[in-house]
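Colleague: Structure in structure tokens, see below.
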Amino acid sequence: MTDKHVAKILNISGIVQGVGFRPFIYQLAVEYGLTGEVANTASGVFVHIEGEAGAVASFCENITIRKPVLSQITQISCDTSSLKGYGDFSITQSRGDEKRVALISPDVTICDDCLREMFDPEDRRYRYPFINCTNCGPRFTIIEDIPYDRPKTSMKKFDMCEKCMTEYHCPTDRRFHAQPNACPACGPRARLYDCSGRLISDGDPFSRASSLLRQGHILAVKGLGGYHLSADALNHEAVQRLRRRKVREEKPFAMMVPDIDTIRRFAWVDQAEAELISSISRPIVLVKKKFPEIPGPDVSPNNLYYGVMLPYTPLHYLIMETGFTALVMTSGNLSDEPIVIDNDQAFSRLSGIADYFLVHDRDIYLRCDDSVLVRTAGKSRFIRKSRGFTPVPVFLPDTLPEILSCGAELKNTVCLTKDDRAFVSQHIGDLENPETFDYFTMTIDHLKRILDISPEIIAYDLHPGYLSTQYALEKTGMKAVGVQHHHAHIVSCMAENGVRTQVIGLAFDGTGYGTDHAVWGGEVLIAEPGGFSRAGHLEYVPMPGSAMAVKEPLRMGIAYLYHVYGDALFDLDLPVVRDVDPERIRTMIAMTEKKVNSPPTSSMGRLFDGIAAILGLRYKVSHEGQAAMDVERSATTAAWPDVVYPWELSKSNGSYIIRLEPIIRSVVEDFAQNTPVPRICRNFHATLAALFTNVCEEIRRDTGVTDTALSGGVFQNALLLAELKTLLEERGFTVYTHIQVPFNDGGVSLGQAVAAAATVAKKISGGPVLIEHAPIHS
């Protein structure tokens with residue numbers, strides 16, 4: 001210790017706004033007897049601290065040790081400054097004149113302190129559905145601009161009462177500068193209406209709402225990132241009615257359950273899953289069912305999993321306090337449209353589905369669906385990344401230019417890069433209608449504004465029919481870079497794992513536009529960020545009906561059977577041959593023979609569809625990936641040892657072609673010998689894992705590349721992921737997989753951005769490109 005006084009200036013970056021960081025700094029400075037000031041900036045938090053040297057050193061050290069629970073510090077700069085002779089330590093006005101690089105906190109669940117106050121009859125916020133503090137509540141969905149101050153949020157129209165204002169300005173209060181701070185006297189209100197817009201209750205509408213749910217009614221409930229459609233999950237008729245009205249035949253509904261113990265009544269939940277479900281992000285987590293099904297078969301039909309989440313807003317807790325086992329909480333939207341966030345739109349769009357509407361008057365600036373995760377191969381993995389996680393960036397190993405990448409068509413996300421950070425947007429959805437495209441463009445504009453990013457490069461998928469591609473090519477003033485779909489998949493996996501060098505990339509999905517204009521999807525690439533070569537793929541088989549073959553797996557079943565057996569397929573004793581009109585089969589065959597609306601595909605997703613149809617598991621799907629999920633579900637019920645079917649590799653123009661005839665014949669022969677379908681499905685999985693491990697070994701011998709990256713929606717198949725990853729690692733490969741973005745097309749935008757940056761850099765430097773796959777337009 002020394003009597004010498006010093007001054008330091010600290011600039012702290014990360015998630016340090018709206019999370020109680022300034023009061024934490026204030027209290028820490030007071031604790032050490034220091035003077036100075038702290039302020040929000042567009043870059044994060046600025047601190048000027050001065051006092052006795054040892055105390056200043058301890059203060060600086062404890063910032064990272066004792067930081068607020070919701071904060072994430074990515075960088076601290078500490079520079080010596082001159083003494084200014086402050087008389088005390090103060091929190092000063094935000095500074096917004098710098099380049100904006102501050103990170104924004106995601107929306108998080110209500111904290112234990114607020115929850116306790118809400119159910120305390122003596123507390124002034126008793127049963128108030130918008131209770132929050134600096135440790136909890138809305139963030140991303142209410143922000144219009146930064147710095148994150150109340151006038152730049154959707155709370156700006158609510159003037160705080162004297163008591164709330166006192167809390168807001170008291171540095172030692174838990175609600176100091178909590179921007180959504182409010183109470184029943186001054187803040188937002190919830191109201192219950194019927195579907196005609198008639199007010200039912202505006203004082204305490206939650207008991208009435210709970211009663212209506214128990215009676216079997218469907219409610220539209222406004223939450224953090226949008227509306228939910230809710231029904232009692234144990235009410236069979238109510239769930240069926242919700243399915244009919246929403247036109248959602250079989251796709252599983254998510255459920256909100258009061259606590260982990262209740263979930264364990266009807267599902268298997270291990271410790272890691274329990275911690276994920278209970279985390280402050282409160283995602284939907286897929287957990288394996290117990291049988292018989294307590295919520296009933298209509299909640300998650302023909303599925304081994306339930307999607308469950310805990311309440312995460314005060315409003316949810318008030319609805320569920322009467323003791324529901326589970327409530328269906330599915331996205332409040334019409335089929336294929338974005339989730340509804342506006343009250344007037346809710347009444348106009350959802351009145352044909354919901355009987356009653358539980359609404360509130362705190363606006364949602366940016367919709368944000370619930371995130372969905374599952375534990376597979378020992379890790380928590382995203383199926384949909386959105387509320388609770390967006391807009392926390394993926395940190396990259398290199399600094400990139402400012403880039404906008406527009407993603408794919410299905411499960412669309414966009415990505416903006418700045419320095420070493422890639423901001424992947426919340427889930428946008430399938431760009432197949434004007435409403436979702438409007439959401440896509442609004443998301444881009446909003447993120448550009450709050451992140452202060454002015455892209456100089458715009459990246460897009462090579463498919464000319466995608467709305468995201470058309471959007472990119474219509475923009476001017478940016479360098480436009482096309483990135484092949486499966487290359488983007490692999491680079492997204494490389495980017496989140498910090499890999500720069502070449503990998504053997506296995507990209508398995510349903511559809512992706514290939515450089516030869518065919519439909520790719522069972523691809524083995526030698527990839528690096530700036531280019532790729534196609535080292536192997538499933539052989540091409542025609543897709544009779546093109547897009548209809550995705551909706552009707554029986555078409556792929558017939559295509560694979562005809563590919564192997566020709567007209568002899570009619571002699572096969574298979575369900576798909578017995579169940580389908582022979583004339584219809586002949587029409588499909590004629591389409592493939594004459595190449596009418598039957599593009600060639602190497603898709604792994606279509607191969608799974610074909611196997612599902614050949615085995616009679618499914619001929620028509622009601623949602624994407626359903627047939628493949630049937631094959632996986634059947635395989636997981638098999639208790640027999642694996643049998644690996646034979647396969648055949650050939651080589652053409654330096655690329656390995658995986659011939660499917662031996663696999664298809666083995667499946668058909670097993671079925672003819674009355675081998676149980678679950679065992680056939682299990683053998684099929686084992687065969688794919690062994691086959692692609694062998695392909696990787698061949699490529700390693702050819703190239704010396706020992707790292708592999710797995711990406712694409714097919715790897716949401718937990719069985720295939722685990723078996724292939726295990727086999728590759730046993731053969732000495734380093735295997736990279738997704739943790740920070742989904743395997744599916746929700747991760748493509750990240751790969752597009754990194755690939756575009758590398759491609760432009762190679763064009764400028766004249767460096768080698770593996771394949772000139774990425775056209776660049778100024």
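Order determines the names: the first chain of the structure tokens is A, the second B, and so forth; residues in each chain are numbered 1 upward, and ligands are numbered 1 upward as they are shown.
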Might you pull out every residue within 12 Å of A:Asp204, with only C-alpha atoms counted and same-chain residues fewer than 4 positions away left off, and present them as a list in words?
Modeller: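 My reading of the contact set: Tyr126, Arg127, Tyr128, Pro129, Pro184, Arg189, Ala190, Arg191, Leu192, Ile200, Arg208, Ala209, Ser210, Leu315, Leu318, Ile319 and Leu358 of chain A.
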Colleague: Show which residues sit within 12 Å of A:Val481, as a PyMOL selection string. Count only C-alpha atoms, and ignore same-chain residues fewer than 5 positions away.
Modeller: chain A and resi 403-406+456-462+469+472-473+475+488+530+752-761+763+772-778
Colleague: Pick out the residues sitting within 10 Å of A:Lys385, and hand them over as a PyMOL selection string; count only C-alpha atoms, and ignore anything fewer than 5 positions along from it in its own chain.
Modeller: chain A and resi 283+368-373+390-391+413+424-428+740-742+746-747
Colleague: Within 12 Å of A:Ile277, counting only C-alpha atoms, which residues qualify if same-chain residues fewer than 2 places away don't, as a PyMOL selection string?
Modeller: chain A and resi 109+256-261+263+269-275+279-287+307-312+371-375+380+388
Colleague: Pick out each residue of stretch 189-407 of chain A that DSSP on the backbone tags as strand (DSSP E); I need them as a VMD selection string.
Modeller: chain A and resid 190 to 194 199 to 201 219 to 222 227 to 232 254 to 256 267 to 268 284 to 289 305 to 309 327 to 331 356 to 360 372 to 376 379 to 384 394 to 405
Colleague: Expressed in Å to a single decimal, how great is the separation between atom CA of A:Leu396 and atom CA of A:Leu750?
Modeller: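 So the answer is 10.3 Å.
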Colleague: Could you pull the residues within 7 Å of A:Asp420, counting only C-alpha atoms, minus those fewer than 2 positions along the same chain, as a count of residues only?
Modeller: 8
Colleague: For atom CA of A:Thr153 and atom CA of A:Thr166, quote the distance in Å rounded to one decimal.
Modeller: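 Taking atom CA of A:Thr153 and atom CA of A:Thr166, their separation equals 19.6 Å.
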Colleague: When you draw a straight line from atom CA of A:Gln27 to atom CA of A:Phe89, how long is it in Å?
Modeller: 9.2 Å
Colleague: Compare A:Gly713, A:Gly137, A:Pro68, A:Pro23 by their minimum atom-to-atom distance to A:His169, counting only C-alpha atoms, and give me the closest one.
Modeller: A:Pro23
Colleague: Go through A:Lys157, A:His537, A:Arg500, A:Arg244 one by one, measure the shortest atom-to-atom distance of each to A:Leu649 using only C-alpha atoms, and give the residue with the smallest value.
Modeller: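 Using only C-alpha atoms, the shortest distance to A:Leu649 belongs to A:His537.
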Colleague: Tell me, as a PyMOL selection string, which residues lie within 9 Å of stretch 689-703 of chain A, counting only C-alpha atoms; anything in the same chain fewer than 6 positions away does not count.
Modeller: chain A and resi 504+506+524+526+535-536+644+646-647+649+656+658+720-721+723-725+727-728+731+733
Colleague: Using only C-alpha atoms, find the one residue out of A:Ser749, A:Thr436, A:Ser105, A:Ser335 that sits nearest to A:Val247.
Modeller: A:Ser335
